[in-house]
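Chemist: One structure coming up, written as structure tokens, with questions to follow.
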There are 2 protein chains.
Amino acid sequence: MTVCCDHHPPEETLTRNQRLVLETLRSEDKPLTAYNLLDRLRDDGLRAPPQIYRALDRLVNVGVVHRLDRLNAFISCNHNHCGGQGVLFAVCDACGSVEELKADTVESAILPTTEAIGFHAVQLVGEVRGLCGPCERKKTDG
Amino acid sequence: MTVCCDHHPPEETLTRNQRLVLETLRSEDKPLTAYNLLDRLRDDGLRAPPQIYRALDRLVNVGVVHRLDRLNAFISCNHNHCGGQGVLFAVCDACGSVEELKADTVESAILPTTEAIGFHAVQLVGEVRGLCGPCERKKTDG
DNA sequence: AAGGGTTATGTTACATTATAACAGATTTCA
DNA sequence: TGAAATCTGTTATAATGTAACATAACCCTT
């Protein structure tokens, strides 16, 4: 796994729009879609989708935001890693909450397999579906 | 990882539309989007998106087709596994080809991590970005 | 064989997610 | 200063996915 990003730039280098999007994502513990962000930021002057998507592109590339493909949604992340590194999420099917997991062990588990087929891996993106602790308990109790 | 599907039903139990979609996916080695399928199957009477999506839902649930979230695309699979089991793909950034990998080692690599946070994992879906052998060679040669 | 429940089907219309393309403003820095 | 690059706002549209409804087929039970 090699790294290929715009390394952890200090937050001061973010533009106003990028900072607004990042702060909004940080203020939620659930992932938000681009259009959720658009609704929340309309009063701050972000009125059209490209404004949101452009900010998200940068934040994802920099590694402070991840995209959850399964949900078409975005979530902030404070693990200090680059956009190019492996990422793994536990997504609760019941409540939609998301926890980021350490992907290191997963990366080492897949490398032999990808190498065996001659594939040059750059980034792992994994999403684990299931039930978070609280929802699992609710289910077995109820 | 528990299993939760409509187990490997014989193909005779597929409906006409499901069989058409499955055969089309099998005849390609690249993933197809729902709208790619719609184009190819219009003459067979599949004229509107819900017809495609309904067939895909069943095929994915049954485990003979997988959805590639990153690409919004679908690919057939002949590993004899259920919809609920872990799945891992190597997706080439250059040519779009997709190879399915064995996910067993990956599942055992993540289980301790998900359990540590009290998360009850049901299914892993992982996509590894990178370059396939041929594209990697082209890049380093050129 | 009639009828009742379920499943599959076709269709329209719409919701959601994402991008192309362009023009103006701002920054950077040689 | 002025050329290159970047960020900005905007319109319009593409691509992906679903809700809702009416009909038809199928399976089962009596």
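Naming scheme: A, B, ... for chains in displayed order of the structure tokens; residues 1 onward per chain; ligands 1 onward as shown.
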Give the superposed chain A as a short mmCIF file (atom, residue, chain, number, x, y, z; two decimals) with N, CA and C atoms, in the first residue's frame, the fit being least squares on chain B over all ordered C-alpha pairs.
Modeler:
```
data_model
loop_
_atom_site.label_atom_id
_atom_site.label_comp_id
_atom_site.auth_asym_id
_atom_site.auth_seq_id
_atom_site.Cartn_x
_atom_site.Cartn_y
_atom_site.Cartn_z
N MET A 1 -19.33 -13.81 11.51
CA MET A 1 -20.09 -13.56 10.28
C MET A 1 -21.18 -14.62 10.13
N THR A 2 -22.37 -14.21 10.20
CA THR A 2 -23.43 -15.17 10.00
C THR A 2 -23.93 -15.04 8.58
N VAL A 3 -24.72 -16.01 8.22
CA VAL A 3 -25.20 -16.06 6.85
C VAL A 3 -26.67 -15.74 6.89
N CYS A 4 -27.15 -14.96 5.94
CA CYS A 4 -28.55 -14.55 5.99
C CYS A 4 -29.07 -14.41 4.59
N CYS A 5 -29.35 -15.49 3.94
CA CYS A 5 -29.87 -15.35 2.58
C CYS A 5 -30.72 -16.52 2.21
N ASP A 6 -31.31 -16.37 1.21
CA ASP A 6 -32.06 -17.18 0.31
C ASP A 6 -30.98 -18.10 -0.32
N HIS A 7 -30.78 -19.31 0.29
CA HIS A 7 -29.60 -20.07 -0.13
C HIS A 7 -29.56 -20.62 -1.54
N HIS A 8 -28.50 -20.24 -2.25
CA HIS A 8 -28.19 -20.83 -3.56
C HIS A 8 -29.33 -21.56 -4.22
N PRO A 9 -30.35 -20.89 -4.60
CA PRO A 9 -31.44 -21.61 -5.25
C PRO A 9 -30.99 -22.04 -6.62
N PRO A 10 -31.50 -23.13 -7.10
CA PRO A 10 -31.10 -23.55 -8.44
C PRO A 10 -31.53 -22.48 -9.44
N GLU A 11 -30.80 -22.40 -10.51
CA GLU A 11 -31.11 -21.33 -11.47
C GLU A 11 -32.50 -21.45 -12.07
N GLU A 12 -33.06 -22.63 -12.02
CA GLU A 12 -34.40 -22.80 -12.56
C GLU A 12 -35.42 -21.98 -11.79
N THR A 13 -35.07 -21.61 -10.55
CA THR A 13 -36.05 -20.85 -9.79
C THR A 13 -35.98 -19.36 -10.11
N LEU A 14 -35.04 -18.96 -10.94
CA LEU A 14 -34.99 -17.55 -11.30
C LEU A 14 -36.10 -17.25 -12.30
N THR A 15 -36.60 -16.04 -12.23
CA THR A 15 -37.62 -15.64 -13.20
C THR A 15 -36.93 -15.28 -14.51
N ARG A 16 -37.73 -15.10 -15.52
CA ARG A 16 -37.19 -14.75 -16.83
C ARG A 16 -36.32 -13.49 -16.76
N ASN A 17 -36.81 -12.46 -16.14
CA ASN A 17 -36.05 -11.21 -16.07
C ASN A 17 -34.76 -11.40 -15.30
N GLN A 18 -34.83 -12.12 -14.21
CA GLN A 18 -33.63 -12.36 -13.42
C GLN A 18 -32.61 -13.13 -14.24
N ARG A 19 -33.09 -14.11 -15.00
CA ARG A 19 -32.17 -14.90 -15.81
C ARG A 19 -31.52 -14.05 -16.91
N LEU A 20 -32.32 -13.18 -17.52
CA LEU A 20 -31.77 -12.30 -18.56
C LEU A 20 -30.67 -11.41 -18.00
N VAL A 21 -30.93 -10.84 -16.84
CA VAL A 21 -29.93 -9.96 -16.23
C VAL A 21 -28.67 -10.75 -15.88
N LEU A 22 -28.86 -11.89 -15.28
CA LEU A 22 -27.70 -12.72 -14.89
C LEU A 22 -26.89 -13.12 -16.12
N GLU A 23 -27.56 -13.54 -17.17
CA GLU A 23 -26.82 -13.97 -18.36
C GLU A 23 -26.05 -12.81 -18.98
N THR A 24 -26.64 -11.64 -18.95
CA THR A 24 -25.94 -10.48 -19.51
C THR A 24 -24.69 -10.17 -18.69
N LEU A 25 -24.83 -10.22 -17.38
CA LEU A 25 -23.66 -9.97 -16.54
C LEU A 25 -22.59 -11.03 -16.76
N ARG A 26 -23.01 -12.27 -16.95
CA ARG A 26 -22.03 -13.35 -17.14
C ARG A 26 -21.30 -13.21 -18.46
N SER A 27 -21.95 -12.57 -19.43
CA SER A 27 -21.33 -12.49 -20.75
C SER A 27 -20.31 -11.36 -20.82
N GLU A 28 -20.13 -10.65 -19.73
CA GLU A 28 -19.14 -9.55 -19.71
C GLU A 28 -18.12 -9.86 -18.63
N ASP A 29 -16.89 -9.42 -18.83
CA ASP A 29 -15.97 -9.59 -17.72
C ASP A 29 -15.82 -8.31 -16.92
N LYS A 30 -16.47 -7.25 -17.38
CA LYS A 30 -16.44 -6.02 -16.62
C LYS A 30 -17.77 -5.81 -15.91
N PRO A 31 -17.75 -5.03 -14.86
CA PRO A 31 -19.02 -4.73 -14.21
C PRO A 31 -19.89 -3.86 -15.10
N LEU A 32 -21.19 -4.02 -14.96
CA LEU A 32 -22.15 -3.22 -15.72
C LEU A 32 -23.04 -2.46 -14.74
N THR A 33 -23.43 -1.26 -15.14
CA THR A 33 -24.38 -0.52 -14.32
C THR A 33 -25.79 -0.97 -14.67
N ALA A 34 -26.73 -0.57 -13.81
CA ALA A 34 -28.12 -0.93 -14.07
C ALA A 34 -28.57 -0.40 -15.42
N TYR A 35 -28.10 0.79 -15.79
CA TYR A 35 -28.53 1.39 -17.05
C TYR A 35 -27.81 0.75 -18.24
N ASN A 36 -26.62 0.24 -18.05
CA ASN A 36 -25.98 -0.57 -19.10
C ASN A 36 -26.85 -1.79 -19.38
N LEU A 37 -27.31 -2.43 -18.32
CA LEU A 37 -28.15 -3.62 -18.47
C LEU A 37 -29.45 -3.25 -19.17
N LEU A 38 -29.99 -2.10 -18.80
CA LEU A 38 -31.25 -1.66 -19.39
C LEU A 38 -31.08 -1.50 -20.91
N ASP A 39 -29.98 -0.90 -21.33
CA ASP A 39 -29.74 -0.72 -22.76
C ASP A 39 -29.68 -2.06 -23.48
N ARG A 40 -28.94 -3.00 -22.88
CA ARG A 40 -28.76 -4.29 -23.52
C ARG A 40 -30.02 -5.13 -23.54
N LEU A 41 -30.94 -4.87 -22.63
CA LEU A 41 -32.09 -5.76 -22.49
C LEU A 41 -33.40 -5.14 -22.93
N ARG A 42 -33.31 -3.95 -23.54
CA ARG A 42 -34.54 -3.28 -23.94
C ARG A 42 -35.34 -4.11 -24.94
N ASP A 43 -34.61 -4.73 -25.85
CA ASP A 43 -35.30 -5.54 -26.86
C ASP A 43 -35.92 -6.80 -26.29
N ASP A 44 -35.49 -7.18 -25.10
CA ASP A 44 -36.09 -8.35 -24.47
C ASP A 44 -37.26 -7.96 -23.56
N GLY A 45 -37.64 -6.69 -23.61
CA GLY A 45 -38.82 -6.28 -22.87
C GLY A 45 -38.54 -5.60 -21.54
N LEU A 46 -37.25 -5.44 -21.21
CA LEU A 46 -36.96 -4.72 -19.97
C LEU A 46 -36.73 -3.26 -20.33
N ARG A 47 -37.76 -2.45 -20.10
CA ARG A 47 -37.75 -1.10 -20.62
C ARG A 47 -37.65 -0.03 -19.54
N ALA A 48 -37.79 -0.39 -18.29
CA ALA A 48 -37.79 0.62 -17.23
C ALA A 48 -36.88 0.18 -16.08
N PRO A 49 -36.24 1.16 -15.42
CA PRO A 49 -35.27 0.83 -14.37
C PRO A 49 -35.77 -0.15 -13.32
N PRO A 50 -37.00 -0.02 -12.84
CA PRO A 50 -37.39 -0.95 -11.76
C PRO A 50 -37.29 -2.41 -12.17
N GLN A 51 -37.51 -2.68 -13.43
CA GLN A 51 -37.41 -4.08 -13.85
C GLN A 51 -35.99 -4.60 -13.64
N ILE A 52 -35.02 -3.76 -13.96
CA ILE A 52 -33.62 -4.15 -13.78
C ILE A 52 -33.27 -4.22 -12.30
N TYR A 53 -33.64 -3.19 -11.56
CA TYR A 53 -33.26 -3.17 -10.15
C TYR A 53 -33.89 -4.31 -9.37
N ARG A 54 -35.10 -4.67 -9.75
CA ARG A 54 -35.74 -5.77 -9.03
C ARG A 54 -35.00 -7.07 -9.28
N ALA A 55 -34.63 -7.29 -10.51
CA ALA A 55 -33.89 -8.52 -10.81
C ALA A 55 -32.55 -8.51 -10.08
N LEU A 56 -31.88 -7.37 -10.09
CA LEU A 56 -30.58 -7.27 -9.42
C LEU A 56 -30.71 -7.53 -7.92
N ASP A 57 -31.75 -6.99 -7.31
CA ASP A 57 -31.93 -7.19 -5.87
C ASP A 57 -31.95 -8.68 -5.55
N ARG A 58 -32.72 -9.40 -6.32
CA ARG A 58 -32.81 -10.83 -6.06
C ARG A 58 -31.47 -11.51 -6.28
N LEU A 59 -30.81 -11.21 -7.39
CA LEU A 59 -29.55 -11.87 -7.72
C LEU A 59 -28.49 -11.56 -6.68
N VAL A 60 -28.48 -10.35 -6.17
CA VAL A 60 -27.51 -9.98 -5.14
C VAL A 60 -27.83 -10.71 -3.85
N ASN A 61 -29.11 -10.78 -3.53
CA ASN A 61 -29.49 -11.44 -2.29
C ASN A 61 -29.12 -12.92 -2.31
N VAL A 62 -29.26 -13.49 -3.47
CA VAL A 62 -28.98 -14.91 -3.65
C VAL A 62 -27.47 -15.15 -3.69
N GLY A 63 -26.71 -14.14 -4.00
CA GLY A 63 -25.25 -14.27 -3.98
C GLY A 63 -24.59 -14.54 -5.31
N VAL A 64 -25.35 -14.54 -6.40
CA VAL A 64 -24.74 -14.80 -7.70
C VAL A 64 -24.29 -13.51 -8.41
N VAL A 65 -24.65 -12.40 -7.84
CA VAL A 65 -24.22 -11.11 -8.38
C VAL A 65 -23.78 -10.26 -7.18
N HIS A 66 -22.74 -9.45 -7.38
CA HIS A 66 -22.34 -8.53 -6.34
C HIS A 66 -22.44 -7.11 -6.85
N ARG A 67 -22.68 -6.23 -5.90
CA ARG A 67 -22.73 -4.83 -6.24
C ARG A 67 -21.40 -4.19 -5.86
N LEU A 68 -20.83 -3.42 -6.77
CA LEU A 68 -19.61 -2.69 -6.49
C LEU A 68 -19.98 -1.26 -6.15
N ASP A 69 -19.99 -0.95 -4.88
CA ASP A 69 -20.51 0.33 -4.44
C ASP A 69 -19.78 1.51 -5.04
N ARG A 70 -18.46 1.35 -5.08
CA ARG A 70 -17.61 2.42 -5.58
C ARG A 70 -17.92 2.79 -7.02
N LEU A 71 -18.41 1.84 -7.77
CA LEU A 71 -18.66 2.04 -9.20
C LEU A 71 -20.15 2.12 -9.54
N ASN A 72 -21.00 1.94 -8.56
CA ASN A 72 -22.44 1.80 -8.84
C ASN A 72 -22.64 0.79 -9.95
N ALA A 73 -22.01 -0.37 -9.79
CA ALA A 73 -22.09 -1.35 -10.86
C ALA A 73 -22.21 -2.74 -10.28
N PHE A 74 -22.52 -3.68 -11.15
CA PHE A 74 -22.81 -5.04 -10.73
C PHE A 74 -21.98 -6.03 -11.52
N ILE A 75 -21.64 -7.13 -10.86
CA ILE A 75 -20.82 -8.13 -11.53
C ILE A 75 -21.27 -9.50 -11.09
N SER A 76 -21.22 -10.46 -11.99
CA SER A 76 -21.63 -11.81 -11.62
C SER A 76 -20.47 -12.51 -10.95
N CYS A 77 -20.79 -13.57 -10.26
CA CYS A 77 -19.83 -14.25 -9.41
C CYS A 77 -20.16 -15.71 -9.42
N ASN A 78 -19.17 -16.57 -9.58
CA ASN A 78 -19.53 -17.98 -9.49
C ASN A 78 -18.94 -18.71 -8.30
N HIS A 79 -18.33 -17.96 -7.40
CA HIS A 79 -17.99 -18.56 -6.12
C HIS A 79 -19.31 -18.98 -5.51
N ASN A 80 -19.37 -20.15 -4.96
CA ASN A 80 -20.65 -20.62 -4.49
C ASN A 80 -20.94 -20.13 -3.07
N HIS A 81 -21.16 -18.84 -2.93
CA HIS A 81 -21.41 -18.33 -1.59
C HIS A 81 -22.68 -17.50 -1.54
N CYS A 82 -23.12 -17.26 -0.31
CA CYS A 82 -24.37 -16.55 -0.12
C CYS A 82 -24.18 -15.05 -0.16
N GLY A 83 -25.28 -14.35 -0.29
CA GLY A 83 -25.25 -12.90 -0.28
C GLY A 83 -24.67 -12.34 1.00
N GLY A 84 -24.84 -13.06 2.09
CA GLY A 84 -24.45 -12.51 3.38
C GLY A 84 -22.99 -12.63 3.71
N GLN A 85 -22.24 -13.33 2.89
CA GLN A 85 -20.85 -13.54 3.26
C GLN A 85 -19.94 -12.45 2.75
N GLY A 86 -18.73 -12.45 3.29
CA GLY A 86 -17.79 -11.39 2.94
C GLY A 86 -17.37 -11.44 1.49
N VAL A 87 -17.13 -10.29 0.95
CA VAL A 87 -16.80 -10.17 -0.45
C VAL A 87 -15.71 -9.12 -0.58
N LEU A 88 -14.76 -9.38 -1.45
CA LEU A 88 -13.65 -8.47 -1.60
C LEU A 88 -13.26 -8.40 -3.07
N PHE A 89 -13.10 -7.19 -3.57
CA PHE A 89 -12.78 -7.02 -4.98
C PHE A 89 -11.51 -6.22 -5.17
N ALA A 90 -10.79 -6.57 -6.22
CA ALA A 90 -9.67 -5.75 -6.66
C ALA A 90 -10.13 -5.04 -7.93
N VAL A 91 -10.22 -3.73 -7.86
CA VAL A 91 -10.75 -2.93 -8.97
C VAL A 91 -9.61 -2.12 -9.58
N CYS A 92 -9.36 -2.32 -10.86
CA CYS A 92 -8.26 -1.60 -11.51
C CYS A 92 -8.68 -0.17 -11.83
N ASP A 93 -7.92 0.79 -11.34
CA ASP A 93 -8.23 2.19 -11.59
C ASP A 93 -8.08 2.56 -13.05
N ALA A 94 -7.22 1.83 -13.77
CA ALA A 94 -6.93 2.21 -15.15
C ALA A 94 -7.95 1.63 -16.12
N CYS A 95 -8.18 0.33 -16.06
CA CYS A 95 -9.03 -0.29 -17.08
C CYS A 95 -10.40 -0.70 -16.56
N GLY A 96 -10.61 -0.59 -15.27
CA GLY A 96 -11.94 -0.91 -14.74
C GLY A 96 -12.20 -2.38 -14.53
N SER A 97 -11.24 -3.23 -14.81
CA SER A 97 -11.47 -4.67 -14.62
C SER A 97 -11.57 -4.98 -13.13
N VAL A 98 -12.25 -6.03 -12.83
CA VAL A 98 -12.51 -6.39 -11.45
C VAL A 98 -12.22 -7.86 -11.24
N GLU A 99 -11.51 -8.17 -10.17
CA GLU A 99 -11.25 -9.57 -9.79
C GLU A 99 -11.80 -9.78 -8.41
N GLU A 100 -12.48 -10.88 -8.22
CA GLU A 100 -12.96 -11.16 -6.88
C GLU A 100 -11.90 -11.95 -6.11
N LEU A 101 -11.68 -11.54 -4.87
CA LEU A 101 -10.66 -12.19 -4.04
C LEU A 101 -11.31 -13.03 -2.96
N LYS A 102 -10.53 -13.92 -2.41
CA LYS A 102 -11.04 -14.70 -1.28
C LYS A 102 -11.09 -13.80 -0.05
N ALA A 103 -12.23 -13.75 0.61
CA ALA A 103 -12.38 -12.82 1.72
C ALA A 103 -12.18 -13.49 3.08
N ASP A 104 -11.95 -14.77 3.08
CA ASP A 104 -11.88 -15.49 4.36
C ASP A 104 -10.82 -14.92 5.29
N THR A 105 -9.63 -14.73 4.75
CA THR A 105 -8.55 -14.23 5.62
C THR A 105 -8.87 -12.84 6.11
N VAL A 106 -9.57 -12.08 5.27
CA VAL A 106 -9.91 -10.72 5.67
C VAL A 106 -10.94 -10.75 6.78
N GLU A 107 -11.90 -11.62 6.64
CA GLU A 107 -12.91 -11.69 7.70
C GLU A 107 -12.27 -12.03 9.03
N SER A 108 -11.35 -12.98 9.03
CA SER A 108 -10.76 -13.31 10.33
C SER A 108 -9.87 -12.18 10.83
N ALA A 109 -9.35 -11.39 9.91
CA ALA A 109 -8.52 -10.26 10.35
C ALA A 109 -9.35 -9.14 10.98
N ILE A 110 -10.59 -8.99 10.53
CA ILE A 110 -11.36 -7.89 11.10
C ILE A 110 -12.19 -8.28 12.31
N LEU A 111 -12.53 -9.56 12.42
CA LEU A 111 -13.44 -9.92 13.52
C LEU A 111 -12.97 -9.45 14.89
N PRO A 112 -11.69 -9.64 15.24
CA PRO A 112 -11.26 -9.16 16.56
C PRO A 112 -11.48 -7.66 16.72
N THR A 113 -11.29 -6.92 15.66
CA THR A 113 -11.44 -5.47 15.75
C THR A 113 -12.90 -5.07 15.94
N THR A 114 -13.79 -5.68 15.20
CA THR A 114 -15.19 -5.31 15.36
C THR A 114 -15.69 -5.76 16.73
N GLU A 115 -15.26 -6.95 17.14
CA GLU A 115 -15.71 -7.43 18.46
C GLU A 115 -15.21 -6.52 19.58
N ALA A 116 -14.02 -5.99 19.39
CA ALA A 116 -13.45 -5.13 20.43
C ALA A 116 -14.32 -3.90 20.68
N ILE A 117 -15.05 -3.45 19.68
CA ILE A 117 -15.91 -2.29 19.91
C ILE A 117 -17.37 -2.71 20.10
N GLY A 118 -17.59 -4.00 20.28
CA GLY A 118 -18.94 -4.49 20.55
C GLY A 118 -19.84 -4.49 19.33
N PHE A 119 -19.24 -4.53 18.16
CA PHE A 119 -20.03 -4.49 16.93
C PHE A 119 -20.26 -5.91 16.44
N HIS A 120 -21.51 -6.21 16.08
CA HIS A 120 -21.85 -7.53 15.60
C HIS A 120 -21.81 -7.54 14.07
N ALA A 121 -20.72 -8.04 13.52
CA ALA A 121 -20.53 -7.98 12.07
C ALA A 121 -21.39 -9.00 11.34
N VAL A 122 -21.97 -8.57 10.25
CA VAL A 122 -22.79 -9.46 9.43
C VAL A 122 -22.13 -9.71 8.09
N GLN A 123 -21.62 -8.67 7.48
CA GLN A 123 -21.04 -8.83 6.15
C GLN A 123 -19.94 -7.81 5.90
N LEU A 124 -18.86 -8.29 5.34
CA LEU A 124 -17.80 -7.39 4.92
C LEU A 124 -17.89 -7.16 3.42
N VAL A 125 -17.81 -5.92 3.02
CA VAL A 125 -17.72 -5.61 1.60
C VAL A 125 -16.50 -4.73 1.43
N GLY A 126 -15.51 -5.27 0.73
CA GLY A 126 -14.29 -4.50 0.59
C GLY A 126 -13.92 -4.31 -0.87
N GLU A 127 -13.39 -3.16 -1.17
CA GLU A 127 -12.94 -2.90 -2.53
C GLU A 127 -11.52 -2.36 -2.45
N VAL A 128 -10.63 -3.03 -3.16
CA VAL A 128 -9.24 -2.63 -3.17
C VAL A 128 -8.97 -1.92 -4.48
N ARG A 129 -8.60 -0.66 -4.39
CA ARG A 129 -8.25 0.08 -5.59
C ARG A 129 -6.78 -0.18 -5.91
N GLY A 130 -6.43 -0.05 -7.17
CA GLY A 130 -5.04 -0.23 -7.53
C GLY A 130 -4.92 -0.46 -9.02
N LEU A 131 -3.85 -1.14 -9.43
CA LEU A 131 -3.65 -1.41 -10.84
C LEU A 131 -3.50 -2.90 -11.04
N CYS A 132 -4.20 -3.41 -12.04
CA CYS A 132 -4.08 -4.83 -12.33
C CYS A 132 -2.72 -5.07 -13.00
N GLY A 133 -2.31 -6.32 -13.07
CA GLY A 133 -1.00 -6.65 -13.62
C GLY A 133 -0.70 -5.98 -14.95
N PRO A 134 -1.55 -6.20 -15.97
CA PRO A 134 -1.30 -5.60 -17.28
C PRO A 134 -1.18 -4.08 -17.24
N CYS A 135 -2.04 -3.41 -16.51
CA CYS A 135 -1.99 -1.95 -16.48
C CYS A 135 -0.74 -1.47 -15.74
N GLU A 136 -0.36 -2.18 -14.71
CA GLU A 136 0.84 -1.81 -13.97
C GLU A 136 2.05 -1.91 -14.91
N ARG A 137 2.10 -2.97 -15.70
CA ARG A 137 3.22 -3.14 -16.62
C ARG A 137 3.24 -2.05 -17.68
N LYS A 138 2.07 -1.76 -18.22
CA LYS A 138 1.98 -0.69 -19.22
C LYS A 138 2.55 0.61 -18.67
N LYS A 139 2.22 0.88 -17.42
CA LYS A 139 2.63 2.14 -16.80
C LYS A 139 4.15 2.21 -16.65
N THR A 140 4.75 1.13 -16.14
CA THR A 140 6.20 1.17 -15.89
C THR A 140 6.99 1.06 -17.18
N ASP A 141 6.43 0.35 -18.18
CA ASP A 141 7.10 0.28 -19.49
C ASP A 141 7.06 1.64 -20.19
N GLY A 142 5.82 2.18 -20.33
CA GLY A 142 5.65 3.43 -21.08
C GLY A 142 6.46 4.52 -20.40
#
```
Chemist: Can you write out as JSON lines which residues of chain C fall within 9 Å of chain A, alongside each residue's closest atom pair and its distance in Å to one decimal, counting only C-alpha atoms (C1' of nucleotides) and ordering rows by chain and ascending residue number?
Modeler:
```
{"residue": "C:DT16", "atom": "C1'", "partner": "A:Tyr35", "partner_atom": "CA", "distance": 8.8}
{"residue": "C:DT17", "atom": "C1'", "partner": "A:Asn72", "partner_atom": "CA", "distance": 7.7}
{"residue": "C:DA18", "atom": "C1'", "partner": "A:Pro49", "partner_atom": "CA", "distance": 8.2}
{"residue": "C:DT19", "atom": "C1'", "partner": "A:Pro50", "partner_atom": "CA", "distance": 7.9}
```
Chemist: Suppose we keep N, CA, C and O atoms (P, O5', C5', C4', C3', O3' and C1' of nucleotides); can you now write the selection as a CSV table (one decimal), in the first residue's frame?
Modeler:
```csv
chain,number,residue,atom,x,y,z
C,16,DT,P,-35.5,12.9,-2.1
C,16,DT,O5',-34.1,12.3,-2.6
C,16,DT,C5',-33.9,10.9,-2.7
C,16,DT,C4',-32.6,10.6,-3.3
C,16,DT,C3',-31.4,11.5,-2.8
C,16,DT,O3',-30.5,10.5,-2.4
C,16,DT,C1',-31.5,11.4,-5.2
C,17,DT,P,-29.1,11.0,-1.6
C,17,DT,O5',-28.1,11.1,-2.8
C,17,DT,C5',-27.8,9.9,-3.5
C,17,DT,C4',-26.9,10.2,-4.6
C,17,DT,C3',-25.6,11.0,-4.3
C,17,DT,O3',-24.5,10.3,-4.7
C,17,DT,C1',-26.7,11.8,-6.3
C,18,DA,P,-23.0,10.9,-4.6
C,18,DA,O5',-22.8,11.6,-6.0
C,18,DA,C5',-22.8,10.8,-7.1
C,18,DA,C4',-22.5,11.7,-8.3
C,18,DA,C3',-21.3,12.6,-8.2
C,18,DA,O3',-20.4,12.1,-9.2
C,18,DA,C1',-23.1,13.8,-9.2
C,19,DT,P,-19.0,12.8,-9.4
C,19,DT,O5',-19.1,13.6,-10.8
C,19,DT,C5',-20.2,13.2,-11.7
C,19,DT,C4',-20.2,14.2,-12.9
C,19,DT,C3',-19.0,15.0,-13.2
C,19,DT,O3',-18.7,14.9,-14.6
C,19,DT,C1',-20.9,16.4,-13.0
```
Chemist: So which bits of chain A end up alpha helix (DSSP H) when you DSSP the backbone, as a PyMOL selection string?
Modeler: chain A and resi 16-26+34-41+49-62+104-116+133-141
Chemist: Select residues of chain D: the criterion is any atom within 9 Å of an atom of chain B, counting only C-alpha atoms (C1' of nucleotides); output as a count of residues only.
Modeler: 4
Chemist: At a cut-off of 12 Å, using only C-alpha atoms (C1' of nucleotides), what residues contact DA21 in chain C? Leave out same-chain residues fewer than 4 positions from it and give the result as number ranges by chain.
Modeler: A: 50; D: 10-13
Chemist: To one decimal place in Å, what is the distance between C1' of DA23 in chain C and C1' of DC7 in chain D?
Modeler: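 We find that C1' of DA23 in chain C and C1' of DC7 in chain D lie 12.9 Å from each other.
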